[in-house]
$ cat structure-v5.pdb   # PDB, C-alpha atoms
ATOM      1  CA  MET A   1      -0.365  -2.852   9.468  1.00  0.00           C
ATOM      2  CA  VAL A   2       0.202   0.394   7.588  1.00  0.00           C
ATOM      3  CA  VAL A   3      -2.160   1.765   4.966  1.00  0.00           C
ATOM      4  CA  THR A   4      -0.666   4.661   3.016  1.00  0.00           C
ATOM      5  CA  ASP A   5      -1.359   6.604  -0.116  1.00  0.00           C
ATOM      6  CA  VAL A   6       1.355   6.466  -2.757  1.00  0.00           C
ATOM      7  CA  VAL A   7       1.305  10.217  -3.392  1.00  0.00           C
ATOM      8  CA  MET A   8       1.576  12.451  -0.313  1.00  0.00           C
ATOM      9  CA  PRO A   9       3.200  15.796   0.443  1.00  0.00           C
ATOM     10  CA  ARG A  10       6.801  15.859   1.728  1.00  0.00           C
ATOM     11  CA  MET A  11       7.314  12.080   1.801  1.00  0.00           C
ATOM     12  CA  GLY A  12       5.576   9.714  -0.601  1.00  0.00           C
ATOM     13  CA  GLY A  13       4.192   6.378   0.427  1.00  0.00           C
ATOM     14  CA  ILE A  14       6.965   4.419  -1.267  1.00  0.00           C
ATOM     15  CA  GLU A  15       9.630   6.304   0.701  1.00  0.00           C
ATOM     16  CA  LEU A  16       7.584   5.825   3.880  1.00  0.00           C
ATOM     17  CA  ALA A  17       7.432   2.079   3.194  1.00  0.00           C
ATOM     18  CA  LYS A  18      11.214   1.880   2.706  1.00  0.00           C
ATOM     19  CA  ARG A  19      11.802   3.613   6.040  1.00  0.00           C
ATOM     20  CA  LEU A  20       9.230   1.506   7.856  1.00  0.00           C
ATOM     21  CA  ARG A  21      10.693  -1.715   6.486  1.00  0.00           C
ATOM     22  CA  GLN A  22      14.119  -0.690   7.782  1.00  0.00           C
ATOM     23  CA  MET A  23      12.642  -0.370  11.278  1.00  0.00           C
ATOM     24  CA  GLN A  24      10.090  -3.212  11.059  1.00  0.00           C
ATOM     25  CA  PRO A  25      10.951  -5.554   8.156  1.00  0.00           C
ATOM     26  CA  GLY A  26       7.802  -7.662   8.476  1.00  0.00           C
ATOM     27  CA  VAL A  27       5.245  -4.873   8.763  1.00  0.00           C
ATOM     28  CA  PRO A  28       2.288  -5.484   6.441  1.00  0.00           C
ATOM     29  CA  LEU A  29       1.780  -2.605   3.989  1.00  0.00           C
ATOM     30  CA  LEU A  30      -1.123  -1.623   1.797  1.00  0.00           C
ATOM     31  CA  PHE A  31      -0.790   1.183  -0.715  1.00  0.00           C
ATOM     32  CA  VAL A  32      -3.793   3.088  -2.004  1.00  0.00           C
ATOM     33  CA  THR A  33      -3.626   5.111  -5.189  1.00  0.00           C
ATOM     34  CA  GLY A  34      -5.826   6.671  -7.788  1.00  0.00           C
ATOM     35  CA  TYR A  35      -3.255   6.119 -10.525  1.00  0.00           C
ATOM     36  CA  VAL A  36      -3.582   2.889 -12.492  1.00  0.00           C
ATOM     37  CA  GLU A  37       0.044   2.991 -13.701  1.00  0.00           C
ATOM     38  CA  GLN A  38       1.345   3.191 -10.118  1.00  0.00           C
ATOM     39  CA  SER A  39      -0.963   0.379  -9.146  1.00  0.00           C
ATOM     40  CA  GLU A  40       0.330  -1.891 -11.911  1.00  0.00           C
ATOM     41  CA  THR A  41       3.981  -1.128 -11.091  1.00  0.00           C
ATOM     42  CA  LEU A  42       3.501  -1.844  -7.389  1.00  0.00           C
ATOM     43  CA  HIS A  43       1.558  -5.063  -8.127  1.00  0.00           C
ATOM     44  CA  GLU A  44       4.440  -6.231 -10.329  1.00  0.00           C
ATOM     45  CA  GLN A  45       6.756  -5.733  -7.341  1.00  0.00           C
ATOM     46  CA  GLY A  46       4.504  -7.910  -5.199  1.00  0.00           C
ATOM     47  CA  THR A  47       3.131  -5.028  -3.157  1.00  0.00           C
ATOM     48  CA  ALA A  48      -0.494  -4.895  -2.003  1.00  0.00           C
ATOM     49  CA  VAL A  49      -2.351  -2.052  -3.730  1.00  0.00           C
ATOM     50  CA  LEU A  50      -5.930  -0.851  -3.566  1.00  0.00           C
ATOM     51  CA  LEU A  51      -7.101   1.396  -6.376  1.00  0.00           C
ATOM     52  CA  LYS A  52      -9.204   4.451  -5.492  1.00  0.00           C
ATOM     53  CA  PRO A  53     -12.064   4.940  -5.205  1.00  0.00           C
ATOM     54  CA  PHE A  54     -12.819   1.875  -3.107  1.00  0.00           C
ATOM     55  CA  SER A  55     -15.637   0.696  -0.879  1.00  0.00           C
ATOM     56  CA  PRO A  56     -15.298  -0.023   2.831  1.00  0.00           C
ATOM     57  CA  ASP A  57     -15.683  -3.725   2.030  1.00  0.00           C
ATOM     58  CA  ALA A  58     -12.873  -3.593  -0.537  1.00  0.00           C
ATOM     59  CA  LEU A  59     -10.641  -1.891   2.053  1.00  0.00           C
ATOM     60  CA  ARG A  60     -11.478  -4.543   4.640  1.00  0.00           C
ATOM     61  CA  LYS A  61     -10.650  -7.342   2.221  1.00  0.00           C
ATOM     62  CA  ALA A  62      -7.394  -5.677   1.087  1.00  0.00           C
ATOM     63  CA  VAL A  63      -6.270  -5.156   4.706  1.00  0.00           C
ATOM     64  CA  ALA A  64      -7.066  -8.771   5.582  1.00  0.00           C
ATOM     65  CA  ALA A  65      -5.149 -10.012   2.536  1.00  0.00           C
ATOM     66  CA  ALA A  66      -2.128  -7.822   3.313  1.00  0.00           C
ATOM     67  CA  ILE A  67      -2.026  -9.028   6.907  1.00  0.00           C
ATOM     68  CA  SER A  68      -2.260 -12.685   5.938  1.00  0.00           C
ATOM     69  CA  ALA A  69       0.345 -12.440   3.156  1.00  0.00           C
TER      70      ALA A  69
END

$ encode --input "structure-v5.pdb" --output "structure tokens"
Amino acid sequence: MVVTDVVMPRMGGIELAKRLRQMQPGVPLLFVTGYVEQSETLHEQGTAVLLKPFSPDALRKAVAAAISA
């Protein structure tokens, strides 16, 4: 399970996900972002996204959903 922000210095979360999926194709991923437009685009691609700010309970539920997907 990998939880990553979409926007990060040097390598963004989307690039990180591409590289991880090359090494571990089945790794569950959860993106977090504060940008609604990014969230909608990633959801349309079938990617798990949690919009910031979020509660610990929302994070727990999003991680559980990503793992079971």

$ resolve_selection --input "structure-v5.pdb" --expression "the PyMOL selection byres ((chain A and resi 68) around 12)" --output "short mmCIF file (atom, residue, chain, number, x, y, z; two decimals) with C-alpha atoms, keeping the file's coordinate frame"
data_model
loop_
_atom_site.label_atom_id
_atom_site.label_comp_id
_atom_site.auth_asym_id
_atom_site.auth_seq_id
_atom_site.Cartn_x
_atom_site.Cartn_y
_atom_site.Cartn_z
CA MET A 1 -0.36 -2.85 9.47
CA GLY A 26 7.80 -7.66 8.48
CA VAL A 27 5.24 -4.87 8.76
CA PRO A 28 2.29 -5.48 6.44
CA LEU A 29 1.78 -2.60 3.99
CA LEU A 30 -1.12 -1.62 1.80
CA ALA A 48 -0.49 -4.89 -2.00
CA LYS A 61 -10.65 -7.34 2.22
CA ALA A 62 -7.39 -5.68 1.09
CA VAL A 63 -6.27 -5.16 4.71
CA ALA A 64 -7.07 -8.77 5.58
CA ALA A 65 -5.15 -10.01 2.54
CA ALA A 66 -2.13 -7.82 3.31
CA ILE A 67 -2.03 -9.03 6.91
CA ALA A 69 0.34 -12.44 3.16
#

$ closest_residue --input "structure-v5.pdb" --among "A:Met23, A:Val3, A:Met11, A:Ala17" --to "A:Leu59" --atoms "all atoms listed in the file"
A:Val3

$ resolve_selection --input "structure-v5.pdb" --expression "the PyMOL selection byres ((chain A and resi 52) around 9)" --output "PyMOL selection string"
chain A and resi 32-35+50-51+53-55

$ closest_residue --input "structure-v5.pdb" --among "A:Pro56, A:Phe31, A:Val7, A:Lys18" --to "A:His43" --atoms "all atoms listed in the file"
A:Phe31

$ atom_distance --input "structure-v5.pdb" --atom1 "atom CA of A:Val36" --atom2 "atom CA of A:Val49"
10.1 Å

$ atom_distance --input "structure-v5.pdb" --atom1 "atom CA of A:Leu16" --atom2 "atom CA of A:Glu40"
19.0 Å

$ closest_residue --input "structure-v5.pdb" --among "A:Ser39, A:Ala58, A:Gly46, A:Gln24" --to "A:Asp5" --atoms "all atoms listed in the file"
A:Ser39

$ axis_aligned_box --input "structure-v5.pdb" --around "stretch 58-62 of chain A" --padding-each-side "6 Å" --output "AutoDock Vina command-line options"
--center_x -10.1 --center_y -4.6 --center_z 2.1 --size_x 17.5 --size_y 17.5 --size_z 17.2

$ build_atoms --input "structure-v5.pdb" --residues "stretch 52-65 of chain A" --atoms "N, CA and C atoms" --output "PDB file, in the coordinates of the input"
ATOM      1  N   LYS A  52      -8.114   3.541  -5.867  1.00  0.00           N
ATOM      2  CA  LYS A  52      -9.204   4.451  -5.492  1.00  0.00           C
ATOM      3  C   LYS A  52     -10.086   4.728  -6.697  1.00  0.00           C
ATOM      4  N   PRO A  53     -11.329   5.012  -6.478  1.00  0.00           N
ATOM      5  CA  PRO A  53     -12.064   4.940  -5.205  1.00  0.00           C
ATOM      6  C   PRO A  53     -12.380   3.492  -4.846  1.00  0.00           C
ATOM      7  N   PHE A  54     -12.521   3.229  -3.564  1.00  0.00           N
ATOM      8  CA  PHE A  54     -12.819   1.875  -3.107  1.00  0.00           C
ATOM      9  C   PHE A  54     -13.909   1.921  -2.043  1.00  0.00           C
ATOM     10  N   SER A  55     -14.567   0.807  -1.877  1.00  0.00           N
ATOM     11  CA  SER A  55     -15.637   0.696  -0.879  1.00  0.00           C
ATOM     12  C   SER A  55     -15.034   0.265   0.465  1.00  0.00           C
ATOM     13  N   PRO A  56     -15.772   0.470   1.536  1.00  0.00           N
ATOM     14  CA  PRO A  56     -15.298  -0.023   2.831  1.00  0.00           C
ATOM     15  C   PRO A  56     -15.043  -1.533   2.815  1.00  0.00           C
ATOM     16  N   ASP A  57     -15.872  -2.277   2.105  1.00  0.00           N
ATOM     17  CA  ASP A  57     -15.683  -3.725   2.030  1.00  0.00           C
ATOM     18  C   ASP A  57     -14.404  -4.080   1.280  1.00  0.00           C
ATOM     19  N   ALA A  58     -14.117  -3.348   0.208  1.00  0.00           N
ATOM     20  CA  ALA A  58     -12.873  -3.593  -0.537  1.00  0.00           C
ATOM     21  C   ALA A  58     -11.655  -3.284   0.337  1.00  0.00           C
ATOM     22  N   LEU A  59     -11.742  -2.226   1.143  1.00  0.00           N
ATOM     23  CA  LEU A  59     -10.641  -1.891   2.053  1.00  0.00           C
ATOM     24  C   LEU A  59     -10.460  -2.994   3.086  1.00  0.00           C
ATOM     25  N   ARG A  60     -11.557  -3.472   3.644  1.00  0.00           N
ATOM     26  CA  ARG A  60     -11.478  -4.543   4.640  1.00  0.00           C
ATOM     27  C   ARG A  60     -10.819  -5.781   4.066  1.00  0.00           C
ATOM     28  N   LYS A  61     -11.229  -6.161   2.860  1.00  0.00           N
ATOM     29  CA  LYS A  61     -10.650  -7.342   2.221  1.00  0.00           C
ATOM     30  C   LYS A  61      -9.178  -7.141   1.891  1.00  0.00           C
ATOM     31  N   ALA A  62      -8.804  -5.951   1.428  1.00  0.00           N
ATOM     32  CA  ALA A  62      -7.394  -5.677   1.087  1.00  0.00           C
ATOM     33  C   ALA A  62      -6.520  -5.682   2.345  1.00  0.00           C
ATOM     34  N   VAL A  63      -7.030  -5.137   3.442  1.00  0.00           N
ATOM     35  CA  VAL A  63      -6.270  -5.156   4.706  1.00  0.00           C
ATOM     36  C   VAL A  63      -6.093  -6.587   5.184  1.00  0.00           C
ATOM     37  N   ALA A  64      -7.156  -7.371   5.151  1.00  0.00           N
ATOM     38  CA  ALA A  64      -7.066  -8.771   5.582  1.00  0.00           C
ATOM     39  C   ALA A  64      -6.070  -9.545   4.726  1.00  0.00           C
ATOM     40  N   ALA A  65      -6.079  -9.320   3.431  1.00  0.00           N
ATOM     41  CA  ALA A  65      -5.149 -10.012   2.536  1.00  0.00           C
ATOM     42  C   ALA A  65      -3.711  -9.595   2.814  1.00  0.00           C
TER      43      ALA A  65
END
